[in-house]
$ cat coords_32.cif   # mmCIF, N, CA and C atoms
data_run
#
loop_
_atom_site.label_atom_id
_atom_site.label_comp_id
_atom_site.auth_asym_id
_atom_site.auth_seq_id
_atom_site.Cartn_x
_atom_site.Cartn_y
_atom_site.Cartn_z
N MET A 148 -19.00 -6.14 -10.82
CA MET A 148 -18.01 -6.92 -10.09
C MET A 148 -17.05 -5.96 -9.39
N GLU A 149 -16.82 -6.20 -8.14
CA GLU A 149 -15.94 -5.36 -7.35
C GLU A 149 -14.48 -5.69 -7.65
N LYS A 150 -13.67 -4.65 -7.76
CA LYS A 150 -12.25 -4.84 -8.05
C LYS A 150 -11.51 -5.29 -6.81
N SER A 151 -10.48 -6.08 -7.03
CA SER A 151 -9.64 -6.50 -5.92
C SER A 151 -8.69 -5.36 -5.55
N LEU A 152 -8.14 -5.44 -4.38
CA LEU A 152 -7.19 -4.43 -3.92
C LEU A 152 -6.00 -4.36 -4.86
N ARG A 153 -5.54 -5.49 -5.31
CA ARG A 153 -4.41 -5.54 -6.25
C ARG A 153 -4.75 -4.79 -7.54
N GLU A 154 -5.96 -5.01 -8.07
CA GLU A 154 -6.37 -4.33 -9.29
C GLU A 154 -6.45 -2.82 -9.10
N ILE A 155 -6.96 -2.40 -7.96
CA ILE A 155 -7.07 -0.97 -7.67
C ILE A 155 -5.69 -0.33 -7.59
N ILE A 156 -4.78 -0.97 -6.88
CA ILE A 156 -3.43 -0.43 -6.74
C ILE A 156 -2.73 -0.37 -8.09
N ASN A 157 -2.83 -1.44 -8.85
CA ASN A 157 -2.20 -1.46 -10.18
C ASN A 157 -2.79 -0.39 -11.10
N GLU A 158 -4.09 -0.16 -10.99
CA GLU A 158 -4.75 0.86 -11.78
C GLU A 158 -4.15 2.25 -11.47
N TYR A 159 -4.02 2.56 -10.19
CA TYR A 159 -3.44 3.85 -9.81
C TYR A 159 -1.97 3.94 -10.20
N ARG A 160 -1.26 2.86 -10.02
CA ARG A 160 0.16 2.86 -10.39
C ARG A 160 0.32 3.14 -11.88
N ASN A 161 -0.52 2.55 -12.70
CA ASN A 161 -0.46 2.78 -14.14
C ASN A 161 -0.88 4.21 -14.50
N LYS A 162 -1.84 4.75 -13.77
CA LYS A 162 -2.30 6.11 -14.04
C LYS A 162 -1.21 7.14 -13.76
N ILE A 163 -0.44 6.92 -12.71
CA ILE A 163 0.55 7.94 -12.33
C ILE A 163 1.96 7.64 -12.84
N LYS A 164 2.11 6.51 -13.52
CA LYS A 164 3.43 6.12 -14.01
C LYS A 164 4.02 7.18 -14.93
N ASP A 165 3.21 7.71 -15.82
CA ASP A 165 3.67 8.73 -16.76
C ASP A 165 3.25 10.09 -16.22
N SER A 166 4.16 10.76 -15.54
CA SER A 166 3.81 12.02 -14.89
C SER A 166 3.62 13.17 -15.87
N THR A 167 3.95 12.98 -17.15
CA THR A 167 3.74 14.06 -18.12
C THR A 167 2.26 14.34 -18.32
N ASN A 168 1.41 13.35 -18.09
CA ASN A 168 -0.04 13.53 -18.23
C ASN A 168 -0.73 13.77 -16.89
N LEU A 169 0.05 13.95 -15.85
CA LEU A 169 -0.50 14.08 -14.50
C LEU A 169 -0.60 15.56 -14.13
N THR A 170 -1.81 16.06 -14.11
CA THR A 170 -2.01 17.46 -13.72
C THR A 170 -2.03 17.55 -12.19
N PRO A 171 -1.80 18.73 -11.65
CA PRO A 171 -1.87 18.88 -10.19
C PRO A 171 -3.24 18.49 -9.62
N GLU A 172 -4.29 18.84 -10.32
CA GLU A 172 -5.64 18.51 -9.86
C GLU A 172 -5.86 17.00 -9.83
N LEU A 173 -5.38 16.33 -10.88
CA LEU A 173 -5.51 14.88 -10.97
C LEU A 173 -4.67 14.20 -9.89
N ALA A 174 -3.46 14.69 -9.69
CA ALA A 174 -2.58 14.13 -8.65
C ALA A 174 -3.21 14.29 -7.27
N ALA A 175 -3.78 15.45 -7.00
CA ALA A 175 -4.42 15.69 -5.71
C ALA A 175 -5.63 14.77 -5.54
N ASN A 176 -6.38 14.57 -6.61
CA ASN A 176 -7.53 13.68 -6.56
C ASN A 176 -7.08 12.24 -6.29
N TYR A 177 -6.05 11.79 -6.99
CA TYR A 177 -5.53 10.44 -6.76
C TYR A 177 -5.03 10.28 -5.33
N LEU A 178 -4.38 11.31 -4.82
CA LEU A 178 -3.86 11.27 -3.45
C LEU A 178 -4.98 11.05 -2.45
N VAL A 179 -6.07 11.77 -2.61
CA VAL A 179 -7.22 11.62 -1.71
C VAL A 179 -7.82 10.22 -1.85
N GLU A 180 -7.99 9.76 -3.08
CA GLU A 180 -8.58 8.44 -3.31
C GLU A 180 -7.72 7.32 -2.73
N ILE A 181 -6.43 7.37 -3.01
CA ILE A 181 -5.53 6.31 -2.53
C ILE A 181 -5.46 6.33 -1.01
N THR A 182 -5.41 7.52 -0.43
CA THR A 182 -5.38 7.62 1.02
C THR A 182 -6.63 7.01 1.64
N SER A 183 -7.77 7.19 0.98
CA SER A 183 -9.01 6.61 1.51
C SER A 183 -8.98 5.08 1.45
N TYR A 184 -8.26 4.52 0.47
CA TYR A 184 -8.14 3.06 0.39
C TYR A 184 -7.23 2.48 1.47
N MET A 185 -6.42 3.32 2.08
CA MET A 185 -5.52 2.82 3.13
C MET A 185 -6.30 2.21 4.30
N GLY A 186 -7.49 2.72 4.57
CA GLY A 186 -8.33 2.13 5.61
C GLY A 186 -8.67 0.69 5.28
N ASN A 187 -9.00 0.43 4.01
CA ASN A 187 -9.29 -0.94 3.57
C ASN A 187 -8.07 -1.83 3.73
N VAL A 188 -6.91 -1.30 3.37
CA VAL A 188 -5.67 -2.07 3.47
C VAL A 188 -5.38 -2.38 4.94
N ASN A 189 -5.57 -1.41 5.80
CA ASN A 189 -5.31 -1.64 7.23
C ASN A 189 -6.25 -2.70 7.82
N GLU A 190 -7.51 -2.70 7.37
CA GLU A 190 -8.45 -3.73 7.82
C GLU A 190 -8.00 -5.11 7.34
N ARG A 191 -7.61 -5.18 6.07
CA ARG A 191 -7.14 -6.46 5.52
C ARG A 191 -5.87 -6.93 6.21
N LEU A 192 -5.00 -5.98 6.57
CA LEU A 192 -3.77 -6.32 7.28
C LEU A 192 -4.09 -6.93 8.64
N LEU A 193 -5.02 -6.33 9.35
CA LEU A 193 -5.41 -6.87 10.66
C LEU A 193 -6.00 -8.28 10.51
N ASP A 194 -6.88 -8.46 9.52
CA ASP A 194 -7.47 -9.79 9.29
C ASP A 194 -6.40 -10.82 8.95
N ALA A 195 -5.46 -10.44 8.10
CA ALA A 195 -4.40 -11.36 7.68
C ALA A 195 -3.48 -11.68 8.86
N GLN A 196 -3.19 -10.68 9.69
CA GLN A 196 -2.33 -10.91 10.85
C GLN A 196 -3.01 -11.86 11.84
N MET A 197 -4.28 -11.68 12.05
CA MET A 197 -5.01 -12.56 12.97
C MET A 197 -5.09 -13.99 12.42
N ALA A 198 -5.31 -14.14 11.13
CA ALA A 198 -5.36 -15.47 10.51
C ALA A 198 -4.00 -16.16 10.64
N TYR A 199 -2.93 -15.40 10.41
CA TYR A 199 -1.59 -15.98 10.56
C TYR A 199 -1.32 -16.35 12.01
N ASN A 200 -1.73 -15.50 12.95
CA ASN A 200 -1.53 -15.81 14.36
C ASN A 200 -2.25 -17.10 14.75
N ASP A 201 -3.47 -17.28 14.23
CA ASP A 201 -4.21 -18.52 14.49
C ASP A 201 -3.46 -19.72 13.93
N LYS A 202 -2.95 -19.58 12.71
CA LYS A 202 -2.20 -20.67 12.07
C LYS A 202 -0.94 -21.00 12.88
N LEU A 203 -0.23 -19.96 13.31
CA LEU A 203 0.98 -20.17 14.10
C LEU A 203 0.65 -20.85 15.42
N SER A 204 -0.42 -20.43 16.04
CA SER A 204 -0.84 -21.04 17.31
C SER A 204 -1.17 -22.53 17.12
N ASP A 205 -1.93 -22.83 16.06
CA ASP A 205 -2.27 -24.22 15.77
C ASP A 205 -1.01 -25.05 15.48
N THR A 206 -0.10 -24.46 14.74
CA THR A 206 1.14 -25.15 14.39
C THR A 206 1.99 -25.37 15.64
N LEU A 207 2.01 -24.40 16.52
CA LEU A 207 2.76 -24.54 17.77
C LEU A 207 2.17 -25.65 18.65
N ASP A 208 0.85 -25.75 18.68
CA ASP A 208 0.20 -26.83 19.44
C ASP A 208 0.59 -28.20 18.88
N GLU A 209 0.76 -28.25 17.58
CA GLU A 209 1.08 -29.50 16.89
C GLU A 209 2.56 -29.86 17.03
N ILE A 210 3.46 -28.89 16.90
CA ILE A 210 4.89 -29.17 16.82
C ILE A 210 5.61 -29.05 18.16
N LYS A 211 5.20 -28.10 19.00
CA LYS A 211 5.78 -27.87 20.34
C LYS A 211 7.15 -27.20 20.32
N SER A 212 7.66 -26.87 19.18
CA SER A 212 8.93 -26.15 19.07
C SER A 212 8.64 -24.82 18.40
N VAL A 213 8.94 -23.72 19.07
CA VAL A 213 8.61 -22.40 18.54
C VAL A 213 9.28 -22.17 17.19
N ALA A 214 10.57 -22.45 17.09
CA ALA A 214 11.31 -22.21 15.85
C ALA A 214 10.73 -23.03 14.70
N LYS A 215 10.49 -24.31 14.94
CA LYS A 215 9.95 -25.17 13.89
C LYS A 215 8.52 -24.78 13.53
N ALA A 216 7.75 -24.38 14.53
CA ALA A 216 6.36 -23.96 14.28
C ALA A 216 6.34 -22.69 13.44
N GLN A 217 7.24 -21.76 13.73
CA GLN A 217 7.30 -20.53 12.95
C GLN A 217 7.67 -20.81 11.49
N ILE A 218 8.65 -21.67 11.29
CA ILE A 218 9.06 -22.02 9.93
C ILE A 218 7.91 -22.69 9.18
N LYS A 219 7.24 -23.61 9.82
CA LYS A 219 6.12 -24.30 9.16
C LYS A 219 4.98 -23.32 8.89
N ALA A 220 4.67 -22.45 9.83
CA ALA A 220 3.58 -21.48 9.65
C ALA A 220 3.92 -20.49 8.54
N GLN A 221 5.19 -20.19 8.36
CA GLN A 221 5.60 -19.27 7.31
C GLN A 221 5.52 -19.90 5.91
N CYS A 222 5.25 -21.17 5.86
CA CYS A 222 5.04 -21.85 4.58
C CYS A 222 3.56 -21.93 4.23
N SER A 223 2.71 -21.32 5.04
CA SER A 223 1.26 -21.43 4.86
C SER A 223 0.70 -20.32 3.98
N GLN A 224 -0.51 -20.54 3.52
CA GLN A 224 -1.22 -19.53 2.74
C GLN A 224 -1.53 -18.30 3.60
N GLU A 225 -1.76 -18.51 4.89
CA GLU A 225 -2.03 -17.38 5.79
C GLU A 225 -0.85 -16.42 5.85
N TYR A 226 0.34 -16.98 5.89
CA TYR A 226 1.55 -16.13 5.91
C TYR A 226 1.72 -15.41 4.58
N ARG A 227 1.46 -16.12 3.51
CA ARG A 227 1.55 -15.50 2.18
C ARG A 227 0.58 -14.34 2.06
N ASN A 228 -0.65 -14.53 2.53
CA ASN A 228 -1.65 -13.45 2.50
C ASN A 228 -1.19 -12.26 3.33
N LEU A 229 -0.62 -12.53 4.49
CA LEU A 229 -0.12 -11.47 5.35
C LEU A 229 0.97 -10.67 4.65
N GLN A 230 1.91 -11.36 4.05
CA GLN A 230 3.00 -10.68 3.36
C GLN A 230 2.50 -9.88 2.16
N GLU A 231 1.49 -10.41 1.48
CA GLU A 231 0.91 -9.71 0.33
C GLU A 231 0.27 -8.39 0.77
N VAL A 232 -0.50 -8.43 1.84
CA VAL A 232 -1.15 -7.22 2.32
C VAL A 232 -0.12 -6.22 2.85
N LYS A 233 0.93 -6.70 3.48
CA LYS A 233 2.01 -5.80 3.92
C LYS A 233 2.64 -5.12 2.70
N GLY A 234 2.78 -5.86 1.63
CA GLY A 234 3.32 -5.30 0.40
C GLY A 234 2.41 -4.22 -0.18
N TYR A 235 1.09 -4.48 -0.15
CA TYR A 235 0.13 -3.48 -0.61
C TYR A 235 0.25 -2.21 0.21
N GLN A 236 0.33 -2.39 1.52
CA GLN A 236 0.42 -1.24 2.41
C GLN A 236 1.68 -0.42 2.11
N SER A 237 2.77 -1.11 1.93
CA SER A 237 4.03 -0.43 1.63
C SER A 237 3.96 0.28 0.28
N LEU A 238 3.42 -0.37 -0.72
CA LEU A 238 3.31 0.22 -2.05
C LEU A 238 2.41 1.45 -2.01
N MET A 239 1.28 1.35 -1.34
CA MET A 239 0.37 2.49 -1.27
C MET A 239 1.01 3.65 -0.51
N THR A 240 1.77 3.35 0.52
CA THR A 240 2.47 4.40 1.26
C THR A 240 3.45 5.11 0.34
N GLU A 241 4.17 4.36 -0.47
CA GLU A 241 5.14 4.97 -1.39
C GLU A 241 4.45 5.77 -2.49
N ILE A 242 3.31 5.29 -2.97
CA ILE A 242 2.55 6.04 -3.97
C ILE A 242 2.08 7.36 -3.38
N ILE A 243 1.58 7.31 -2.15
CA ILE A 243 1.13 8.53 -1.46
C ILE A 243 2.29 9.50 -1.29
N ARG A 244 3.43 8.99 -0.86
CA ARG A 244 4.61 9.84 -0.70
C ARG A 244 5.02 10.46 -2.03
N GLY A 245 5.00 9.66 -3.08
CA GLY A 245 5.38 10.14 -4.40
C GLY A 245 4.45 11.24 -4.88
N LEU A 246 3.15 11.05 -4.68
CA LEU A 246 2.20 12.08 -5.10
C LEU A 246 2.39 13.36 -4.29
N LYS A 247 2.62 13.21 -3.00
CA LYS A 247 2.86 14.40 -2.16
C LYS A 247 4.11 15.13 -2.63
N TYR A 248 5.16 14.40 -2.94
CA TYR A 248 6.41 15.00 -3.42
C TYR A 248 6.17 15.71 -4.75
N TYR A 249 5.44 15.07 -5.64
CA TYR A 249 5.13 15.64 -6.94
C TYR A 249 4.37 16.96 -6.78
N LEU A 250 3.36 16.95 -5.92
CA LEU A 250 2.56 18.16 -5.70
C LEU A 250 3.39 19.26 -5.04
N ARG A 251 4.24 18.86 -4.10
CA ARG A 251 5.11 19.83 -3.44
C ARG A 251 6.08 20.45 -4.44
N ALA A 252 6.65 19.63 -5.30
CA ALA A 252 7.59 20.13 -6.31
C ALA A 252 6.89 21.08 -7.29
N LEU A 253 5.66 20.74 -7.67
CA LEU A 253 4.91 21.63 -8.55
C LEU A 253 4.61 22.95 -7.86
N GLY A 254 4.27 22.88 -6.58
CA GLY A 254 4.00 24.09 -5.82
C GLY A 254 5.24 24.95 -5.70
N ASP A 255 6.39 24.33 -5.46
CA ASP A 255 7.65 25.07 -5.38
C ASP A 255 7.97 25.70 -6.72
N GLU A 256 7.75 24.95 -7.79
CA GLU A 256 8.02 25.45 -9.13
C GLU A 256 7.11 26.63 -9.45
N TYR A 257 5.84 26.51 -9.08
CA TYR A 257 4.88 27.59 -9.31
C TYR A 257 5.29 28.83 -8.52
N GLY A 258 5.66 28.64 -7.27
CA GLY A 258 6.10 29.75 -6.42
C GLY A 258 7.35 30.40 -6.95
N PHE A 259 8.27 29.61 -7.46
CA PHE A 259 9.53 30.12 -7.99
C PHE A 259 9.28 30.93 -9.26
N SER A 260 8.45 30.39 -10.16
CA SER A 260 8.18 31.11 -11.41
C SER A 260 7.36 32.37 -11.15
N LYS A 261 6.49 32.35 -10.17
CA LYS A 261 5.68 33.51 -9.82
C LYS A 261 6.56 34.63 -9.26
N SER A 262 7.53 34.27 -8.40
CA SER A 262 8.41 35.28 -7.81
C SER A 262 9.38 35.86 -8.84
N ASN A 263 9.72 35.10 -9.86
CA ASN A 263 10.62 35.60 -10.91
C ASN A 263 9.91 36.52 -11.88
N ASN A 264 8.61 36.42 -11.98
CA ASN A 264 7.84 37.26 -12.88
C ASN A 264 7.55 38.63 -12.29
N ASN A 265 7.79 38.82 -11.01
CA ASN A 265 7.51 40.11 -10.37
C ASN A 265 8.64 41.06 -10.47
#

$ encode --input "coords_32.cif" --output "structure tokens"
Amino acid sequence: MEKSLREIINEYRNKIKDSTNLTPELAANYLVEITSYMGNVNERLLDAQMAYNDKLSDTLDEIKSVAKAQIKAQCSQEYRNLQEVKGYQSLMTEIIRGLKYYLRALGDEYGFSKSNNN
């Protein structure tokens, strides 16, 4: 059974939550893996945006008022899906940034300790 995007993201979030067990090699591996999933997220974001646009267009044809059509369309499952995928994208971006920061800090620490030993 294929894992959902939510399950994959939660799995990585749980893996990196405790940085005491996170080695530089493991962090670099996670960074590559998570970055590769961003393509999937971007595809899902495009699909969700198009589905919401279709819903908004249909709602606008029905209601004829842009403001009311937007409010009604924002109550739809299509809008919820769009917001969910945007949240995934944002979360994955932050995880990637966090891993990069972690690796950079380890590299700085390694460089600092190496220069002090000379």

$ closest_residue --input "coords_32.cif" --among "A:Leu173, A:Thr167, A:Leu192, A:Lys162" --to "Gln236 in chain A" --atoms "only C-alpha atoms"
A:Leu192

$ atom_distance --input "coords_32.cif" --atom1 "atom N of Ser204 in chain A" --atom2 "atom C of Gly186 in chain A"
25.1 Å

$ closest_residue --input "coords_32.cif" --among "A:Glu231, A:Met239, A:Ile210, A:Gln224" --to "Thr182 in chain A" --atoms "only N, CA and C atoms"
A:Met239

$ closest_residue --input "coords_32.cif" --among "A:Ile163, A:Arg251, A:Ala175, A:Met185" --to "Ser237 in chain A" --atoms "only C-alpha atoms"
A:Met185

$ residues_around --input "coords_32.cif" --residues "Leu178 in chain A" --least-positions-apart "3" --cutoff "8 Å" --atoms "only C-alpha atoms" --output "ChimeraX atom specification"
/A:174-175,181-182,243,246-247

$ resolve_selection --input "coords_32.cif" --expression "the PyMOL selection byres (((chain A and resi 153 and name CA) around 12) and name CA)" --output "list in words"
Glu149, Lys150, Ser151, Leu152, Glu154, Ile155, Ile156, Asn157, Glu158, Tyr159, Arg160, Tyr184, Asn187, Val188, Glu231, Val232, Gly234, Tyr235, Gln236, Leu238 and Met239 of chain A

$ write_last_selection --input "coords_32.cif" --atoms "N, CA and C atoms" --output "PDB file, in the coordinates of the input"
ATOM      1  N   GLU A 149     -16.820  -6.200  -8.140  1.00  0.00           N
ATOM      2  CA  GLU A 149     -15.940  -5.360  -7.350  1.00  0.00           C
ATOM      3  C   GLU A 149     -14.480  -5.690  -7.650  1.00  0.00           C
ATOM      4  N   LYS A 150     -13.670  -4.650  -7.760  1.00  0.00           N
ATOM      5  CA  LYS A 150     -12.250  -4.840  -8.050  1.00  0.00           C
ATOM      6  C   LYS A 150     -11.510  -5.290  -6.810  1.00  0.00           C
ATOM      7  N   SER A 151     -10.480  -6.080  -7.030  1.00  0.00           N
ATOM      8  CA  SER A 151      -9.640  -6.500  -5.920  1.00  0.00           C
ATOM      9  C   SER A 151      -8.690  -5.360  -5.550  1.00  0.00           C
ATOM     10  N   LEU A 152      -8.140  -5.440  -4.380  1.00  0.00           N
ATOM     11  CA  LEU A 152      -7.190  -4.430  -3.920  1.00  0.00           C
ATOM     12  C   LEU A 152      -6.000  -4.360  -4.860  1.00  0.00           C
ATOM     13  N   GLU A 154      -5.960  -5.010  -8.070  1.00  0.00           N
ATOM     14  CA  GLU A 154      -6.370  -4.330  -9.290  1.00  0.00           C
ATOM     15  C   GLU A 154      -6.450  -2.820  -9.100  1.00  0.00           C
ATOM     16  N   ILE A 155      -6.960  -2.400  -7.960  1.00  0.00           N
ATOM     17  CA  ILE A 155      -7.070  -0.970  -7.670  1.00  0.00           C
ATOM     18  C   ILE A 155      -5.690  -0.330  -7.590  1.00  0.00           C
ATOM     19  N   ILE A 156      -4.780  -0.970  -6.880  1.00  0.00           N
ATOM     20  CA  ILE A 156      -3.430  -0.430  -6.740  1.00  0.00           C
ATOM     21  C   ILE A 156      -2.730  -0.370  -8.090  1.00  0.00           C
ATOM     22  N   ASN A 157      -2.830  -1.440  -8.850  1.00  0.00           N
ATOM     23  CA  ASN A 157      -2.200  -1.460 -10.180  1.00  0.00           C
ATOM     24  C   ASN A 157      -2.790  -0.390 -11.100  1.00  0.00           C
ATOM     25  N   GLU A 158      -4.090  -0.160 -10.990  1.00  0.00           N
ATOM     26  CA  GLU A 158      -4.750   0.860 -11.780  1.00  0.00           C
ATOM     27  C   GLU A 158      -4.150   2.250 -11.470  1.00  0.00           C
ATOM     28  N   TYR A 159      -4.020   2.560 -10.190  1.00  0.00           N
ATOM     29  CA  TYR A 159      -3.440   3.850  -9.810  1.00  0.00           C
ATOM     30  C   TYR A 159      -1.970   3.940 -10.200  1.00  0.00           C
ATOM     31  N   ARG A 160      -1.260   2.860 -10.020  1.00  0.00           N
ATOM     32  CA  ARG A 160       0.160   2.860 -10.390  1.00  0.00           C
ATOM     33  C   ARG A 160       0.320   3.140 -11.880  1.00  0.00           C
ATOM     34  N   TYR A 184      -8.260   4.520   0.470  1.00  0.00           N
ATOM     35  CA  TYR A 184      -8.140   3.060   0.390  1.00  0.00           C
ATOM     36  C   TYR A 184      -7.230   2.480   1.470  1.00  0.00           C
ATOM     37  N   ASN A 187      -9.000   0.430   4.010  1.00  0.00           N
ATOM     38  CA  ASN A 187      -9.290  -0.940   3.570  1.00  0.00           C
ATOM     39  C   ASN A 187      -8.070  -1.830   3.730  1.00  0.00           C
ATOM     40  N   VAL A 188      -6.910  -1.300   3.370  1.00  0.00           N
ATOM     41  CA  VAL A 188      -5.670  -2.070   3.470  1.00  0.00           C
ATOM     42  C   VAL A 188      -5.380  -2.380   4.940  1.00  0.00           C
ATOM     43  N   GLU A 231       1.490 -10.410   1.480  1.00  0.00           N
ATOM     44  CA  GLU A 231       0.910  -9.710   0.330  1.00  0.00           C
ATOM     45  C   GLU A 231       0.270  -8.390   0.770  1.00  0.00           C
ATOM     46  N   VAL A 232      -0.500  -8.430   1.840  1.00  0.00           N
ATOM     47  CA  VAL A 232      -1.150  -7.220   2.320  1.00  0.00           C
ATOM     48  C   VAL A 232      -0.120  -6.220   2.850  1.00  0.00           C
ATOM     49  N   GLY A 234       2.780  -5.860   1.630  1.00  0.00           N
ATOM     50  CA  GLY A 234       3.320  -5.300   0.400  1.00  0.00           C
ATOM     51  C   GLY A 234       2.410  -4.220  -0.180  1.00  0.00           C
ATOM     52  N   TYR A 235       1.090  -4.480  -0.150  1.00  0.00           N
ATOM     53  CA  TYR A 235       0.130  -3.480  -0.610  1.00  0.00           C
ATOM     54  C   TYR A 235       0.250  -2.210   0.210  1.00  0.00           C
ATOM     55  N   GLN A 236       0.330  -2.390   1.520  1.00  0.00           N
ATOM     56  CA  GLN A 236       0.420  -1.240   2.410  1.00  0.00           C
ATOM     57  C   GLN A 236       1.680  -0.420   2.110  1.00  0.00           C
ATOM     58  N   LEU A 238       3.420  -0.370  -0.720  1.00  0.00           N
ATOM     59  CA  LEU A 238       3.310   0.220  -2.050  1.00  0.00           C
ATOM     60  C   LEU A 238       2.410   1.450  -2.010  1.00  0.00           C
ATOM     61  N   MET A 239       1.280   1.350  -1.340  1.00  0.00           N
ATOM     62  CA  MET A 239       0.370   2.490  -1.270  1.00  0.00           C
ATOM     63  C   MET A 239       1.010   3.650  -0.510  1.00  0.00           C
TER      64      MET A 239
END

$ axis_aligned_box --input "coords_32.cif" --around "range 164-169 of chain A" --padding-each-side "3 Å" --output "AutoDock Vina command-line options"
--center_x 1.7 --center_y 10.8 --center_z -15.9 --size_x 10.9 --size_y 15.4 --size_z 10.8

$ atom_distance --input "coords_32.cif" --atom1 "atom C of Glu172 in chain A" --atom2 "atom C of Glu241 in chain A"
16.9 Å

$ atom_distance --input "coords_32.cif" --atom1 "CA of Lys215 in chain A" --atom2 "CA of Lys233 in chain A"
23.2 Å

$ closest_residue --input "coords_32.cif" --among "A:Thr206, A:Asn161, A:Ser183, A:Thr170" --to "Gly254 in chain A" --atoms "only C-alpha atoms"
A:Thr170
